[in-house]
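Have a look at entry24.tsv below; it lists TSV, C-alpha atoms.
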```tsv
chain	number	residue	atom	x	y	z
A	514	MET	CA	164.66	75.42	150.47
A	515	LYS	CA	165.57	78.72	148.88
A	516	LYS	CA	165.27	77.22	145.38
A	517	ILE	CA	161.85	75.74	146.24
A	518	ALA	CA	160.66	79.11	147.59
A	519	LEU	CA	161.84	80.88	144.44
A	520	PHE	CA	160.09	78.26	142.31
A	521	PHE	CA	156.75	78.77	144.08
A	522	LEU	CA	157.19	82.54	143.88
A	523	PHE	CA	157.70	82.20	140.13
A	524	ILE	CA	154.52	80.12	139.85
A	525	LEU	CA	152.51	82.65	141.89
A	526	LEU	CA	153.74	85.55	139.78
A	527	ASN	CA	152.72	83.78	136.60
A	528	LEU	CA	149.32	82.85	138.00
A	529	SER	CA	148.69	86.44	139.07
A	530	HIS	CA	149.66	87.55	135.57
A	531	LEU	CA	147.18	85.10	134.03
A	532	ASN	CA	144.39	86.28	136.33
A	533	ALA	CA	145.10	89.96	135.80
A	534	GLN	CA	142.38	91.88	134.00
A	535	GLN	CA	143.82	92.66	130.58
A	536	TYR	CA	140.66	93.92	128.89
A	537	GLN	CA	137.80	96.17	129.91
A	538	ILE	CA	134.63	95.47	127.94
A	539	SER	CA	131.81	98.02	127.70
A	540	LEU	CA	128.44	98.32	126.01
A	541	LEU	CA	127.93	101.69	124.32
A	542	THR	CA	124.37	102.87	123.75
A	543	CYS	CA	123.75	105.81	121.43
A	544	ASP	CA	120.63	107.97	121.40
A	545	PRO	CA	118.27	107.94	118.40
A	546	GLY	CA	118.93	110.28	115.49
A	547	GLU	CA	116.54	112.19	113.26
A	548	GLU	CA	116.87	110.05	110.12
A	549	LEU	CA	114.74	106.91	109.74
A	550	TYR	CA	117.78	104.59	109.66
A	551	SER	CA	119.09	106.11	112.93
A	552	VAL	CA	115.85	106.78	114.79
A	553	PHE	CA	116.09	103.53	116.80
A	554	GLY	CA	119.50	104.29	118.34
A	555	HIS	CA	122.61	102.17	118.22
A	556	ASN	CA	124.82	99.79	120.23
A	557	ALA	CA	128.53	99.03	119.96
A	558	VAL	CA	131.22	97.30	122.03
A	559	ARG	CA	134.16	99.18	123.52
A	560	VAL	CA	137.33	97.21	124.24
A	561	ILE	CA	140.21	98.73	126.23
A	562	ASP	CA	143.48	96.84	126.40
A	563	LEU	CA	144.55	97.76	129.92
A	564	GLN	CA	148.17	96.78	129.25
A	565	THR	CA	148.73	98.71	126.02
A	566	GLY	CA	146.06	101.40	126.41
A	567	ARG	CA	144.61	100.57	123.01
A	568	ASP	CA	140.97	101.72	122.93
A	569	LEU	CA	138.73	100.34	120.15
A	570	VAL	CA	135.04	100.19	119.29
A	571	PHE	CA	133.56	97.17	117.51
A	572	ASN	CA	130.49	98.17	115.50
A	573	TYR	CA	128.04	95.65	113.99
A	574	GLY	CA	125.88	98.38	112.46
A	575	THR	CA	127.99	99.25	109.42
A	576	PHE	CA	126.87	99.04	105.81
A	577	ASP	CA	128.41	100.20	102.54
A	578	PHE	CA	126.42	102.64	100.39
A	579	ASP	CA	128.77	101.78	97.51
A	580	THR	CA	127.58	98.18	97.45
A	581	PRO	CA	126.46	97.30	93.88
A	582	ASN	CA	122.65	97.54	93.57
A	583	PHE	CA	122.47	98.87	97.13
A	584	TYR	CA	118.80	99.89	97.13
A	585	LEU	CA	117.65	96.78	95.26
A	586	LYS	CA	119.47	94.56	97.74
A	587	PHE	CA	117.99	96.51	100.65
A	588	ALA	CA	114.46	96.16	99.24
A	589	ARG	CA	114.91	92.43	98.61
A	590	GLY	CA	116.36	91.76	102.07
A	591	LYS	CA	119.75	90.80	100.68
A	592	LEU	CA	121.83	93.68	102.03
A	593	ASP	CA	124.73	92.56	104.21
A	594	TYR	CA	125.88	94.55	107.21
A	595	MET	CA	129.37	94.13	108.64
A	596	LEU	CA	131.45	94.38	111.77
A	597	SER	CA	133.79	97.37	111.63
A	598	ILE	CA	136.44	98.68	114.00
A	599	SER	CA	137.29	102.28	114.85
A	600	THR	CA	139.14	104.00	117.64
A	601	TYR	CA	137.03	105.08	120.58
A	602	GLN	CA	137.88	108.70	119.90
A	603	GLN	CA	136.72	108.44	116.28
A	604	PHE	CA	133.46	106.90	117.47
A	605	ILE	CA	132.83	109.64	120.02
A	606	ASP	CA	133.80	112.39	117.57
A	607	HIS	CA	131.25	111.00	115.11
A	608	TYR	CA	128.40	111.09	117.64
A	609	THR	CA	129.50	114.50	118.90
A	610	TYR	CA	129.13	115.74	115.32
A	611	LEU	CA	125.69	114.09	115.08
A	612	GLU	CA	124.74	115.66	118.46
A	613	ARG	CA	123.55	112.33	119.79
A	614	GLY	CA	124.13	111.25	123.39
A	615	VAL	CA	126.21	108.19	124.29
A	616	ARG	CA	126.15	106.12	127.48
A	617	GLU	CA	128.61	103.44	128.62
A	618	GLN	CA	128.08	100.31	130.72
A	619	VAL	CA	131.29	98.62	131.87
A	620	LEU	CA	130.67	94.88	132.09
A	621	GLY	CA	131.66	92.92	135.20
A	622	LEU	CA	133.40	90.12	133.32
A	623	ASN	CA	136.25	88.17	134.85
A	624	PRO	CA	139.60	88.12	132.96
A	625	GLN	CA	138.85	84.88	131.15
A	626	GLN	CA	135.40	86.03	130.06
A	627	ALA	CA	136.75	89.38	128.86
A	628	ALA	CA	139.49	87.60	126.88
A	629	LYS	CA	136.87	85.36	125.28
A	630	VAL	CA	134.88	88.44	124.20
A	631	VAL	CA	137.97	89.90	122.54
A	632	ALA	CA	138.72	86.59	120.80
A	633	PHE	CA	135.10	86.36	119.66
A	634	LEU	CA	135.22	89.88	118.19
A	635	GLN	CA	138.57	89.25	116.53
A	636	THR	CA	137.23	86.07	114.93
A	637	ASN	CA	134.10	87.91	113.76
A	638	TYR	CA	136.27	90.61	112.22
A	639	GLN	CA	138.06	88.18	109.93
A	640	PRO	CA	137.22	88.94	106.25
A	641	ASP	CA	135.25	85.72	105.87
A	642	ASN	CA	133.20	86.39	109.00
A	643	ARG	CA	132.60	90.13	109.27
A	644	TYR	CA	129.59	90.28	106.92
A	645	TYR	CA	126.17	89.09	107.98
A	646	ARG	CA	122.64	89.15	106.56
A	647	TYR	CA	120.91	91.97	108.42
A	648	ASP	CA	117.46	91.44	109.96
A	649	PHE	CA	115.99	94.45	111.76
A	650	PHE	CA	114.21	92.46	114.48
A	651	TYR	CA	116.37	89.38	114.91
A	652	ASP	CA	119.92	90.07	113.72
A	653	ASN	CA	121.11	93.65	114.08
A	654	CYS	CA	123.71	95.78	115.84
A	655	ALA	CA	122.08	95.12	119.23
A	656	THR	CA	121.15	91.45	118.99
A	657	ARG	CA	124.63	90.54	117.71
A	658	ILE	CA	126.13	91.89	120.95
A	659	ARG	CA	123.51	90.20	123.13
A	660	ASP	CA	124.05	86.88	121.35
A	661	MET	CA	127.82	87.22	121.83
A	662	ILE	CA	127.45	87.75	125.59
A	663	GLU	CA	125.05	84.80	125.82
A	664	THR	CA	127.54	82.63	123.92
A	665	ILE	CA	130.46	83.64	126.16
A	666	LEU	CA	128.64	83.36	129.50
A	667	GLY	CA	126.19	80.55	128.71
A	668	ASP	CA	124.28	79.46	131.81
A	669	GLN	CA	126.22	81.96	133.90
A	670	LEU	CA	124.11	84.79	132.43
A	671	GLU	CA	120.71	85.41	133.99
A	672	TRP	CA	118.40	88.00	132.51
A	673	LYS	CA	116.47	89.62	135.35
A	674	GLN	CA	113.18	91.46	135.05
A	675	THR	CA	113.02	93.62	138.14
A	676	GLU	CA	109.82	95.41	137.16
A	677	VAL	CA	106.61	94.46	135.42
A	678	THR	CA	106.51	95.80	131.88
A	679	GLU	CA	103.46	96.07	129.65
A	680	GLU	CA	102.97	93.70	126.78
A	681	LYS	CA	103.97	95.23	123.47
A	682	THR	CA	103.93	93.93	119.94
A	683	PHE	CA	106.90	94.42	117.65
A	684	ARG	CA	104.88	97.09	115.84
A	685	ASP	CA	104.16	98.88	119.13
A	686	LEU	CA	107.88	98.92	119.89
A	687	ILE	CA	108.93	100.49	116.61
A	688	ASP	CA	106.02	102.95	116.78
A	689	GLU	CA	107.58	104.38	119.95
A	690	TYR	CA	110.50	105.58	117.85
A	691	VAL	CA	109.06	106.38	114.42
A	692	TYR	CA	105.94	108.24	115.59
A	693	PRO	CA	107.68	111.63	115.11
A	694	LEU	CA	108.36	110.62	111.48
A	695	PRO	CA	104.80	110.08	110.15
A	696	TRP	CA	105.86	109.32	106.57
A	697	GLY	CA	108.48	106.86	107.74
A	698	ASP	CA	105.97	105.35	110.15
A	699	LEU	CA	103.48	104.96	107.29
A	700	GLY	CA	106.08	103.35	105.05
A	701	ILE	CA	107.01	100.82	107.72
A	702	ASP	CA	103.37	99.94	108.41
A	703	LEU	CA	102.71	99.52	104.68
A	704	ALA	CA	105.74	97.26	104.21
A	705	LEU	CA	105.56	95.04	107.30
A	706	GLY	CA	102.97	92.35	107.66
A	707	SER	CA	100.86	90.87	110.43
A	708	VAL	CA	103.80	88.75	111.64
A	709	ILE	CA	104.96	91.74	113.73
A	710	ASP	CA	101.57	92.14	115.42
A	711	VAL	CA	102.48	89.61	118.11
A	712	ASP	CA	103.74	90.32	121.62
A	713	ALA	CA	107.50	90.48	121.93
A	714	THR	CA	109.16	88.70	124.85
A	715	GLU	CA	111.50	90.63	127.12
A	716	ARG	CA	114.48	89.08	125.34
A	717	GLU	CA	113.04	89.87	121.90
A	718	LYS	CA	112.63	93.52	122.89
A	719	GLN	CA	116.42	93.74	122.99
A	720	PHE	CA	116.55	94.31	119.24
A	721	LEU	CA	116.14	97.95	120.29
A	722	PRO	CA	119.31	99.45	121.82
A	723	ASP	CA	117.50	101.25	124.65
A	724	TYR	CA	115.81	98.04	125.74
A	725	MET	CA	119.07	96.13	125.61
A	726	GLU	CA	120.74	98.77	127.76
A	727	VAL	CA	118.04	98.26	130.42
A	728	ALA	CA	118.29	94.46	130.14
A	729	PHE	CA	122.07	94.57	130.62
A	730	ALA	CA	121.65	96.79	133.69
A	731	GLN	CA	119.33	94.22	135.28
A	732	ALA	CA	121.22	91.03	134.30
A	733	GLU	CA	123.49	89.06	136.61
A	734	ILE	CA	126.48	86.73	136.30
A	735	VAL	CA	126.25	83.58	138.42
A	736	GLY	CA	128.23	80.43	139.00
A	737	ASP	CA	131.84	81.69	138.93
A	738	GLY	CA	131.92	83.04	142.46
A	739	PRO	CA	129.56	85.45	144.21
A	740	THR	CA	126.64	86.53	142.04
A	741	ARG	CA	127.37	89.94	140.58
A	742	PRO	CA	125.71	92.38	138.17
A	743	LEU	CA	126.56	92.05	134.50
A	744	VAL	CA	127.12	95.82	134.54
A	745	LYS	CA	129.56	96.90	137.24
A	746	SER	CA	129.44	100.62	136.42
A	747	GLN	CA	127.70	102.96	134.03
A	748	SER	CA	128.24	106.53	132.98
A	749	THR	CA	127.21	109.13	130.44
A	750	VAL	CA	129.91	109.78	127.86
A	751	LEU	CA	128.09	112.40	125.80
A	752	ASP	CA	125.38	114.21	127.74
A	753	LEU	CA	123.32	115.76	124.96
A	754	PRO	CA	119.60	116.56	124.76
A	755	PRO	CA	117.44	114.21	122.66
A	756	VAL	CA	117.34	115.05	118.97
A	757	LYS	CA	114.22	117.07	118.21
A	758	ILE	CA	112.31	116.18	115.07
A	759	GLU	CA	110.24	119.06	113.75
A	760	SER	CA	106.65	118.19	112.85
A	761	SER	CA	105.10	119.30	109.59
A	762	ILE	CA	101.53	119.91	108.52
A	763	PHE	CA	102.34	117.97	105.36
A	764	ASN	CA	101.84	114.53	106.85
A	765	PRO	CA	99.76	111.53	105.79
A	766	TYR	CA	97.01	112.26	108.32
A	767	PHE	CA	96.35	115.72	106.90
A	768	LEU	CA	96.78	114.68	103.27
A	769	PHE	CA	94.63	111.55	103.38
A	770	TRP	CA	91.76	113.21	105.25
A	771	LEU	CA	91.92	116.03	102.72
A	772	ILE	CA	91.61	113.42	99.95
A	773	ALA	CA	88.70	111.80	101.78
A	774	ILE	CA	86.86	115.11	102.13
A	775	PHE	CA	87.43	115.79	98.44
A	776	PHE	CA	85.89	112.45	97.44
A	777	ILE	CA	82.95	112.99	99.78
A	778	VAL	CA	82.29	116.35	98.13
A	779	ILE	CA	82.51	115.06	94.55
A	780	THR	CA	80.30	112.09	95.46
A	781	PHE	CA	77.66	114.44	96.83
A	782	ILE	CA	77.89	116.72	93.79
A	783	GLY	CA	77.86	113.74	91.44
A	784	PHE	CA	74.74	112.33	93.09
A	785	LYS	CA	72.95	115.67	92.76
A	786	LYS	CA	74.02	116.30	89.17
A	787	LYS	CA	73.97	112.66	88.02
A	788	ARG	CA	77.69	112.57	87.31
A	789	LEU	CA	80.34	109.95	88.13
A	790	PHE	CA	83.67	111.82	88.08
A	791	VAL	CA	85.38	108.52	87.29
A	792	GLY	CA	88.63	110.27	86.35
A	793	PHE	CA	89.38	110.72	90.05
A	794	ASP	CA	88.55	107.06	90.70
A	795	GLN	CA	90.89	105.97	87.93
A	796	ALA	CA	93.76	107.91	89.52
A	797	LEU	CA	92.91	106.54	92.98
A	798	PHE	CA	92.76	102.88	91.92
A	799	ILE	CA	95.96	103.12	89.88
A	800	ILE	CA	97.80	104.41	92.96
A	801	LEU	CA	96.27	101.67	95.13
A	802	SER	CA	97.26	99.10	92.52
A	803	LEU	CA	100.88	100.26	92.62
A	804	LEU	CA	100.89	100.03	96.42
A	805	GLY	CA	99.43	96.53	96.15
A	806	ILE	CA	102.15	95.47	93.74
A	807	MET	CA	104.75	96.70	96.24
A	808	VAL	CA	103.10	94.66	99.01
A	809	VAL	CA	103.09	91.53	96.82
A	810	LEU	CA	106.74	91.97	95.86
A	811	LEU	CA	107.79	92.39	99.50
A	812	TRP	CA	105.64	89.43	100.59
A	813	PHE	CA	106.55	86.87	97.96
A	814	PHE	CA	109.75	88.02	96.26
A	815	THR	CA	112.10	89.13	99.03
A	816	GLU	CA	113.99	87.47	101.86
A	817	HIS	CA	112.50	89.78	104.49
A	818	SER	CA	110.94	87.73	107.26
A	819	THR	CA	108.62	90.49	108.45
A	820	THR	CA	106.89	91.44	105.19
A	821	LYS	CA	104.84	88.25	105.03
A	822	TYR	CA	101.05	88.05	105.53
A	823	ASN	CA	100.60	91.75	104.89
A	824	TRP	CA	96.86	92.45	104.83
A	825	ASN	CA	97.29	95.97	103.51
A	826	LEU	CA	96.69	93.94	100.37
A	827	LEU	CA	92.95	94.04	101.18
A	828	TRP	CA	92.53	97.74	100.47
A	829	ALA	CA	95.55	98.26	98.17
A	830	PHE	CA	95.01	95.38	95.74
A	831	PRO	CA	97.30	94.94	92.71
A	832	LEU	CA	94.44	94.42	90.26
A	833	HIS	CA	92.64	97.63	91.21
A	834	GLY	CA	94.37	99.21	88.25
A	835	VAL	CA	92.01	97.38	85.86
A	836	LEU	CA	89.26	99.73	87.02
A	837	ALA	CA	91.14	102.57	85.34
A	838	TYR	CA	90.34	100.78	82.09
A	839	GLY	CA	86.88	99.48	83.02
A	840	LEU	CA	85.54	102.81	84.22
A	841	ASN	CA	86.66	104.46	81.01
A	842	LEU	CA	84.40	102.26	78.86
A	843	LYS	CA	81.52	104.09	77.23
A	844	TYR	CA	79.23	101.18	77.99
A	845	PRO	CA	80.24	99.57	81.31
A	846	ALA	CA	80.91	95.87	81.05
A	847	GLU	CA	79.35	93.49	83.54
A	848	TRP	CA	82.74	92.62	85.02
A	849	VAL	CA	83.24	96.24	86.08
A	850	LYS	CA	80.32	96.11	88.49
A	851	LYS	CA	81.44	92.72	89.76
A	852	TYR	CA	84.91	94.05	90.39
A	853	LEU	CA	83.53	97.10	92.20
A	854	LEU	CA	81.65	94.73	94.52
A	855	PHE	CA	84.83	92.68	94.96
A	856	ALA	CA	86.84	95.81	95.87
A	857	LEU	CA	84.12	96.86	98.32
A	858	ILE	CA	84.22	93.47	100.06
A	859	LEU	CA	88.02	93.60	100.30
A	860	ALA	CA	87.93	97.08	101.87
A	861	ASP	CA	85.29	95.95	104.37
A	862	ALA	CA	87.45	92.91	105.18
A	863	ALA	CA	90.39	95.23	105.89
A	864	VAL	CA	88.28	97.03	108.52
A	865	VAL	CA	87.33	93.66	110.07
A	866	PHE	CA	90.97	92.53	110.17
A	867	TRP	CA	91.88	95.81	111.84
A	868	ILE	CA	89.10	95.64	114.46
A	869	LEU	CA	89.85	92.01	115.31
A	870	GLY	CA	93.56	92.82	115.72
A	871	TRP	CA	94.78	90.48	113.00
A	872	GLN	CA	96.90	93.34	111.69
A	873	SER	CA	97.36	96.88	112.91
A	874	PHE	CA	97.24	99.29	109.98
A	875	HIS	CA	98.67	102.79	110.05
A	876	PRO	CA	95.94	105.13	111.40
A	877	SER	CA	96.35	107.55	108.49
A	878	ILE	CA	95.03	105.01	105.96
A	879	LEU	CA	91.56	104.94	107.56
A	880	PRO	CA	90.28	107.77	105.33
A	881	LEU	CA	91.64	105.96	102.25
A	882	ILE	CA	89.76	102.78	103.18
A	883	LEU	CA	86.62	104.86	103.72
A	884	VAL	CA	87.09	106.43	100.28
A	885	VAL	CA	87.34	102.98	98.67
A	886	ILE	CA	84.17	101.88	100.46
A	887	LEU	CA	82.35	105.10	99.52
A	888	ARG	CA	83.33	105.18	95.85
A	889	THR	CA	82.86	101.47	95.15
A	890	ASN	CA	79.39	101.73	96.72
A	891	TYR	CA	78.53	104.81	94.73
A	892	LEU	CA	79.81	103.49	91.42
A	893	TYR	CA	78.27	100.06	91.89
A	894	TYR	CA	74.76	101.46	92.35
A	895	ASN	CA	75.00	104.41	89.97
A	896	LEU	CA	77.28	103.35	87.12
A	897	ASP	CA	74.56	101.88	84.87
A	898	ARG	CA	71.92	104.43	85.81
A	899	ILE	CA	74.02	107.55	85.26
A	900	LYS	CA	75.62	106.32	82.03
A	901	ALA	CA	72.16	105.41	80.69
A	902	TYR	CA	70.86	108.83	81.69
A	903	ARG	CA	73.75	110.56	79.88
A	904	ARG	CA	73.21	108.41	76.76
A	905	ASN	CA	69.55	109.48	76.70
A	906	LEU	CA	70.60	113.12	76.90
A	907	GLN	CA	73.00	112.70	73.97
A	908	SER	CA	70.34	111.01	71.86
```
Can the structure from this file be put into C-alpha cells for me?
Amino acid sequence: MKKIALFFLFILLNLSHLNAQQYQISLLTCDPGEELYSVFGHNAVRVIDLQTGRDLVFNYGTFDFDTPNFYLKFARGKLDYMLSISTYQQFIDHYTYLERGVREQVLGLNPQQAAKVVAFLQTNYQPDNRYYRYDFFYDNCATRIRDMIETILGDQLEWKQTEVTEEKTFRDLIDEYVYPLPWGDLGIDLALGSVIDVDATEREKQFLPDYMEVAFAQAEIVGDGPTRPLVKSQSTVLDLPPVKIESSIFNPYFLFWLIAIFFIVITFIGFKKKRLFVGFDQALFIILSLLGIMVVLLWFFTEHSTTKYNWNLLWAFPLHGVLAYGLNLKYPAEWVKKYLLFALILADAAVVFWILGWQSFHPSILPLILVVILRTNYLYYNLDRIKAYRRNLQS
C-alpha cells in the first residue's frame, strides 16, 4: 500500500508541475509619438518566464534602415518588417527616452495556452520566419499579435463589443492620429486611394494599437472552464503625458489658400489688362503633372494594396505637364483648348467624386481644385482672344 501511495503522489506532483503557470503573457501598448512613423502608437508582447525570471519583449514592428534600397522598397510596398526580441528593461528604457507612455495588459491564459504563445513566438523568430511583408492596415505590429491570439485560442476567443461605436472608414481612423501633422496627413491622403474610404469592422479597427488594447480588454475566453476575461489585469507602466505636436502656420491649408488667392488676383488683373500670365499656369500644371505621375506609380507599379483607385488623379493628372509646352506656343494650337476643356472636366469630376463620397480628398486641396477650374475656364475662353489682341498690337 505504501508503494502505491508513493506512486500516486509521484503522479500528482508531476501533474501539478505540468499545470503550473510557467509563462506570463502580456500585451504592451505604447502611446503615439511625434514622428509620422510613430504617430499611430505601437504594440508588443511581453513574456515572463516565471521559473527563470527571464523577461523578454517580442516586437513585430522592427525594420532595418540599412536595408539596400530602403526608400525604394518602402515606396514600392516591398519593405519587410521583422520580429525582434529585447529585454523588457531595454524596451522600457527606450520608451522612457522617447517620453511615450506604456500600458500593460496581462492575459488570462491557462498554462497550455501561454506555452503555445511562447512556442508560436519562438517559431516566428526563426531566421526563415521572422521577416514579413508589412501592410499598414492588414499586417502590422498590432494585427500580428491579434492573429497569433486568434490562432492559439481559436473558437475559445470571443471578441465582445460592450458599447456602440460609430462607423468609421479606414481614412477616418488614420485621420484621428495624423491630424496634428498636416503635411503628413496630406501625403497620406494623396497616396492612398478610394479603397480606404469604406467602413472598417470592429476587428479591422484593431490595426491601430489603441483600438486593439480596447478590444483585448473587452474579449473573453470561453470553453475551457468558467468564462473569463482575456485580460485578467492591466496597469500603467510608464505614466507620461501625451506627446504634444506643435502646430505651424506653414501648413498646406495656409499655403494652398494663399496660392488660390494669388491666382484669383492675377486672373482678375489679366482680365482687366487683357493678359494671360501663362507662366504661372505652366508652373502649376507641371507640379500637378508630377503629383499625377506619383499617383500612377503608386497605383499601378507597387505592391501596396491601399494605393489603388486613387481619384486624386482627376485633378493631378500626369499629362497636365503638356500644357507647359502648349501654353508657350506663340499661336495656340487647337489641341491646347481641347486639353484645357479636358482638364476642366476632370477637375469638376473630382468635386463630384468628393461630394458623392467615392473618395475623401484632403481638405487642403480644395483651393487647388478651384484654381484648376478657374484657370482652365479663363484660358479656354480667353486664350485665342487675348493672343490675337496682342498680335494686333505688335503689328
**Asked** Closest to A:Gly614 among A:Lys843, A:His555, A:Lys629, A:Arg888, using only C-alpha atoms?
**Response**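 The answer is A:His555, which sits nearest to A:Gly614.
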**Request:** To one decimal in Å, tell me the separation between atom CA of A:Leu686 and atom CA of A:Asp712.
**Result:**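 Atom CA of A:Asp712 lies at a distance of 9.7 Å from atom CA of A:Leu686.
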**Complete:** A:Val691 proximity check over A:Ile858, A:Leu634, A:Val552, A:Ile882, using only C-alpha atoms: winner is A:Val552
**Counting all atoms listed in the file, the residue of A:Thr740, A:Gln535, A:Thr656, A:Thr600 that sits nearest A:Arg716** =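 Of A:Thr740, A:Gln535, A:Thr656, A:Thr600, the one nearest A:Arg716, counting all atoms listed in the file, is A:Thr656.
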**Message:** What's the separation between atom CA of A:Gly574 and atom CA of A:Lys745, in Å to one decimal place?
**Reply:**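 A separation of 25.1 Å between them.
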**Prompt:** Counting all atoms listed in the file, what is within 8 Å of A:Leu881, bar same-chain residues fewer than 4 positions away, as a PyMOL selection string?
**Reply:** chain A and resi 769-770+772-773+877+885
Show me a table, sorted first by chain and then by increasing residue number, of the residues of stretch 622-700 of chain A having an atom at most 6 Å from stretch 728-737 of chain A, each with its shortest atom pair and the distance in Å to one decimal, counting only C-alpha atoms and written as JSON lines.
```
{"residue": "A:Gln669", "atom": "CA", "partner": "A:Val735", "partner_atom": "CA", "distance": 4.8}
{"residue": "A:Leu670", "atom": "CA", "partner": "A:Ile734", "partner_atom": "CA", "distance": 4.9}
{"residue": "A:Glu671", "atom": "CA", "partner": "A:Glu733", "partner_atom": "CA", "distance": 5.3}
{"residue": "A:Trp672", "atom": "CA", "partner": "A:Ala732", "partner_atom": "CA", "distance": 4.5}
{"residue": "A:Lys673", "atom": "CA", "partner": "A:Ala732", "partner_atom": "CA", "distance": 5.1}
```
I'd like a table as a Markdown table: residues in stretch 676-700 of chain A with an atom no more than 12 Å from stretch 804-824 of chain A, each row giving the shortest atom pair and its distance in Å to one decimal, only C-alpha atoms counted, sorted by chain and rising residue number.
```
| residue | atom | partner | partner_atom | distance |
| --- | --- | --- | --- | --- |
| A:Phe683 | CA | A:Thr819 | CA | 10.2 |
| A:Arg684 | CA | A:Thr819 | CA | 10.6 |
| A:Gly700 | CA | A:Leu804 | CA | 10.6 |
```
**Atomic distance atom CA of A:Lys851 - atom CA of A:Trp871, expressed in Å with one decimal** = 26.9 Å
**Asked** If you count all atoms listed in the file, which residues fall within 7 Å of A:Ala655, apart from same-chain ones fewer than 5 positions away, as number ranges by chain?
**Response** A: 556, 719-722
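Residues lying within 7 Å of (95.5, 101.2, 98.0). Counted over only C-alpha atoms, they are Phe798, Ile800, Leu801, Ser802, Leu804, Gly805, Trp828, Ala829 and Phe830 of chain A.
When only C-alpha atoms are used to compute distances to A:Leu666, the closest of the residues A:Glu715, A:Gly697, A:Ile687, A:Leu622 turns out to be A:Leu622.
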Which polymer residues have any atom within 8 Å of an atom of stretch 658-662 of chain A, counting only C-alpha atoms, with same-chain residues fewer than 5 positions away left out, as a PDB file with C-alpha atoms, in the frame of the given file?
```pdb
ATOM      1  CA  ALA A 557     128.530  99.030 119.960  1.00  0.00           C
ATOM      2  CA  VAL A 558     131.220  97.300 122.030  1.00  0.00           C
ATOM      3  CA  VAL A 630     134.880  88.440 124.200  1.00  0.00           C
ATOM      4  CA  PHE A 633     135.100  86.360 119.660  1.00  0.00           C
ATOM      5  CA  GLY A 667     126.190  80.550 128.710  1.00  0.00           C
ATOM      6  CA  GLN A 719     116.420  93.740 122.990  1.00  0.00           C
ATOM      7  CA  MET A 725     119.070  96.130 125.610  1.00  0.00           C
TER       8      MET A 725
END
```
**Prompt:** Which is closer to A:Leu853 than all the others in A:Gln795, A:Gln603, A:Thr889, A:Gln534, using only C-alpha atoms?
**Reply:**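 Among the listed residues, the smallest separation from A:Leu853 belongs to A:Thr889.
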